[in-house]
Amino acid sequence: METMTVATARWLVSDDGAAAVAAAVRSLDAGEDELTTTAAMRRQVAVAEHGAAAVTAAVARRRARDRWPDAERLLFTRHGLEEASDPDVAAWRARRLVHGPGVGPGREAAEDPYPPPEVWDLGAGLGGDTVAIARAGARVTAVEHDPARCVLLAHNLAVSGVDARVVRDDAGSVVVPAHARVHVDPARRREGRRVRDLDEHRPPVGSMLRVHGHAAGLAITLAPGVDADDPVFGEDVEVEYVQLGGDLVEAIAWRGDLRAPRVTASATLLPAGLRRARTGPRGPRLAVGDPGSHLVEVAVAAVRARLHDDIGAGIGARRLSVRRALLTTDRPPPASPWYRARRIEAVLPPRPPRVRRWLADADPAPVELVLHGFDADVTAWWRALGRPPRGPSGWRIELVRRDDDAIAVITRADDGSGAPEADPS
Ligand SMILES: C[S@@+](CC[C@H](N)C(=O)[O-])C[C@H]1O[C@@H](n2cnc3c(N)ncnc32)[C@H](O)[C@@H]1O
């Protein structure tokens, strides 16, 4: 974890600091590298720590440009930027925090809720969520325990034109009024790796549920790998998995008036804002069977929410194994954003010579290798196939671990009759 002193943070938000960051950005934009820019900063800025912080802020600002429209005015640290919510995801999440769970496609929110709901944003970091929640129409109190971050946070809110209160306090002990809604965005990285365990979130998820369970509504942003059926969530929490394009970006625990009635798990596809939900425990699992005409991969958010059997039942699918969320159908399923279907061209033993022979006969365009629970040395496979590693393309060799064996399934993007196949690249 990086540390910045309050004095350095105060200098960064001063006119001198702003000028130094702008100069460092100009230098980097002109093609100078970080070392040269830092050396130049040392000559311009009396305190070495200030100069280093200005260069770090400049590097982070340049990285933030393509995601943050206000980047040129904002101050980031390297970790602060890595931890900040994606602005589109934050804006979408903020709508529910402000308008409640009934808002979605075809169910528009009132423009300006009156009176504006009060939201406490705990672990506010550098303000990505605070800005989004305030812009969605709430009165926001931003709580952050790191004193230097509080200084940068106040700056970022001010330059974003957001009128929110900043409080330096601990999310575990701050007293939130019972009529307010609470949003917690815990740190979810430790030593560069993503955590999964709810206790490893900072602040920890269990303590947030205990301490702020009395709030009118509670939303805790979680690592996407968490288990919706973890007992810590109890009966009165909805865990929503959020997918942006092809990536699973986060999960959110919703409670109180922010939870959709009776929902225990849900999946949302952004940017479209499509949503599916289940109430109560997962439904029955699909039967397991042999590959049919199509291989069906359900959207990862729906798989995490354990909605894949339900989605598969709707298209007459079966599973390829008890443990994998990989489905197959006997005819092209209708187009849907909830899955991708690929035509099965061949099912082979998962041995390179056998697959190589098939490839030599069929001579398809470049293929990619995709592993489904199959432990393979991919480089050795390509070597044995006598081809350079290629992909993605219309063709795939999908190595699938089943319950008692494994198979190589050669698939191809469907060309119109089934689900649409976006270029996975
Ligand atoms: C993932 S970051 C928040 C990012 C923020 N939502 C944004 O979009 O910019 C988590 C923040 O929680 C803060 N934090 C961790 N534990 C805390 C605690 N017990 N009390 C208050 N803040 C805490 C960290 O300092 C960090 O700034």
# chains A, B, ... in the order shown; residues from 1 in each chain; ligands from 1
call {"tool": "residues_near_ligand", "arguments": {"ligand": "ligand 1", "cutoff": "10 Å", "atoms": "only C-alpha atoms and all ligand atoms", "output": "number ranges by chain"}}
result
A: 1, 76, 79-87, 89-90, 121-132, 142-150, 153, 156, 167-174, 183-189, 201-204, 207-208, 221-222
call {"tool": "write_last_selection", "arguments": {"atoms": "C-alpha atoms", "output": "short mmCIF file (atom, residue, chain, number, x, y, z; two decimals), in the first residue's frame"}}
result
data_model
loop_
_atom_site.label_atom_id
_atom_site.label_comp_id
_atom_site.auth_asym_id
_atom_site.auth_seq_id
_atom_site.Cartn_x
_atom_site.Cartn_y
_atom_site.Cartn_z
CA MET A 1 0.00 0.00 0.00
CA PHE A 76 -4.93 10.37 -8.34
CA HIS A 79 -3.34 2.74 -6.15
CA GLY A 80 -6.14 5.25 -5.78
CA LEU A 81 -6.72 5.10 -9.53
CA GLU A 82 -6.48 1.30 -9.63
CA GLU A 83 -9.05 1.08 -6.85
CA ALA A 84 -11.45 3.67 -8.24
CA SER A 85 -14.70 2.35 -9.69
CA ASP A 86 -15.08 2.48 -13.45
CA PRO A 87 -17.11 5.67 -14.07
CA VAL A 89 -20.20 1.10 -13.57
CA ALA A 90 -20.21 3.69 -10.75
CA ASP A 121 -20.14 6.45 0.94
CA LEU A 122 -17.76 4.50 3.19
CA GLY A 123 -14.19 3.95 2.01
CA ALA A 124 -14.61 6.79 -0.48
CA GLY A 125 -11.01 6.66 -1.75
CA LEU A 126 -10.44 9.36 -4.34
CA GLY A 127 -14.13 9.90 -4.96
CA GLY A 128 -15.14 7.89 -8.04
CA ASP A 129 -18.31 6.63 -6.39
CA THR A 130 -18.97 9.74 -4.34
CA VAL A 131 -19.11 11.84 -7.51
CA ALA A 132 -21.39 9.34 -9.25
CA ALA A 142 -17.93 10.54 2.03
CA VAL A 143 -16.01 8.68 4.75
CA GLU A 144 -12.36 7.72 4.30
CA HIS A 145 -9.85 6.73 6.97
CA ASP A 146 -6.67 7.67 5.14
CA PRO A 147 -5.95 11.34 5.92
CA ALA A 148 -3.99 12.10 2.75
CA ARG A 149 -6.71 10.52 0.61
CA CYS A 150 -9.25 12.73 2.40
CA LEU A 153 -10.91 13.38 -2.17
CA ASN A 156 -11.64 15.85 -6.56
CA VAL A 167 -15.36 12.93 6.97
CA ARG A 168 -12.14 11.29 8.07
CA ASP A 169 -13.30 8.30 10.07
CA ASP A 170 -13.32 4.53 10.27
CA ALA A 171 -16.11 2.78 8.36
CA GLY A 172 -16.39 0.31 11.25
CA SER A 173 -17.19 2.91 13.88
CA VAL A 174 -18.71 5.91 12.07
CA HIS A 183 -22.53 2.36 0.21
CA VAL A 184 -19.26 0.60 1.05
CA ASP A 185 -16.55 0.08 -1.52
CA PRO A 186 -13.90 -1.96 0.30
CA ALA A 187 -10.34 -2.29 -0.98
CA ARG A 188 -10.20 -5.65 -2.79
CA ARG A 189 -6.52 -5.99 -3.62
CA HIS A 201 -11.97 -7.00 1.93
CA ARG A 202 -10.98 -3.77 3.71
CA PRO A 203 -13.16 -2.91 5.55
CA PRO A 204 -14.27 -6.56 5.99
CA SER A 207 -18.39 -6.31 9.95
CA MET A 208 -20.02 -3.87 7.50
CA THR A 221 -19.25 -3.63 -3.57
CA LEU A 222 -17.46 -6.99 -3.60
#
call {"tool": "select_by_dssp", "arguments": {"residues": "region 106-202 of chain A", "states": "strand (DSSP E or B)", "output": "count of residues only"}}
result
26
call {"tool": "closest_residue", "arguments": {"among": "A:Asp257, A:Asp247, A:Glu34, A:Glu49", "to": "Val6 (chain A)", "atoms": "only C-alpha atoms"}}
result
A:Glu49
call {"tool": "closest_residue", "arguments": {"among": "A:Gly137, A:Pro69, A:Pro333, A:Gly17", "to": "Arg96 (chain A)", "atoms": "only C-alpha atoms"}}
result
A:Gly137
call {"tool": "closest_residue", "arguments": {"among": "A:Arg331, A:His212, A:Arg73, A:Arg278", "to": "Gly292 (chain A)", "atoms": "only C-alpha atoms"}}
result
A:Arg331
call {"tool": "residues_around", "arguments": {"residues": "Ala406 (chain A)", "least_positions_apart": "6", "cutoff": "10 Å", "atoms": "only C-alpha atoms", "output": "PyMOL selection string"}}
result
chain A and resi 321+348-351+372-374+399-400
call {"tool": "select_by_dssp", "arguments": {"residues": "region 136-272 of chain A", "states": "helix (DSSP H, G or I)", "output": "list in words"}}
result
Pro147, Ala148, Arg149, Cys150, Val151, Leu152, Leu153, Ala154, His155, Asn156, Leu157, Ala158, Val159, Leu198, Asp199, Glu200, Val205, Gly206, Ser207, Met208, Leu209, Arg210, Val211, Pro231, Val232 and Phe233 of chain A
call {"tool": "closest_residue", "arguments": {"among": "A:Ala228, A:Ala384, A:Leu209, A:Val288", "to": "Val322 (chain A)", "atoms": "only C-alpha atoms"}}
result
A:Val288
call {"tool": "atom_distance", "arguments": {"atom1": "CA of Glu297 (chain A)", "atom2": "CA of Leu320 (chain A)"}}
result
11.1 Å
call {"tool": "residues_around", "arguments": {"residues": "region 7-12 of chain A", "least_positions_apart": "2", "cutoff": "7 Å", "atoms": "only C-alpha atoms", "output": "number ranges by chain"}}
result
A: 4-5, 14, 17-18, 50, 54, 148, 151-152
call {"tool": "closest_residue", "arguments": {"among": "A:Arg62, A:Arg42, A:Arg135, A:His294", "to": "Arg26 (chain A)", "atoms": "only C-alpha atoms"}}
result
A:Arg62
call {"tool": "residues_around", "arguments": {"residues": "region 232-242 of chain A", "least_positions_apart": "3", "cutoff": "7 Å", "atoms": "only C-alpha atoms", "output": "PyMOL selection string"}}
result
chain A and resi 206+224+228+248-255+259+263-269+301+304-305
call {"tool": "atom_distance", "arguments": {"atom1": "CA of Val296 (chain A)", "atom2": "CA of Ala341 (chain A)"}}
result
4.4 Å
call {"tool": "residues_around", "arguments": {"residues": "Pro337 (chain A)", "least_positions_apart": "2", "cutoff": "12 Å", "atoms": "only C-alpha atoms", "output": "ChimeraX atom specification"}}
result
/A:243,245-246,267-276,296-302,311,333-335,339-341,418-422
call {"tool": "atom_distance", "arguments": {"atom1": "CA of Trp338 (chain A)", "atom2": "CA of Asp375 (chain A)"}}
result
26.8 Å
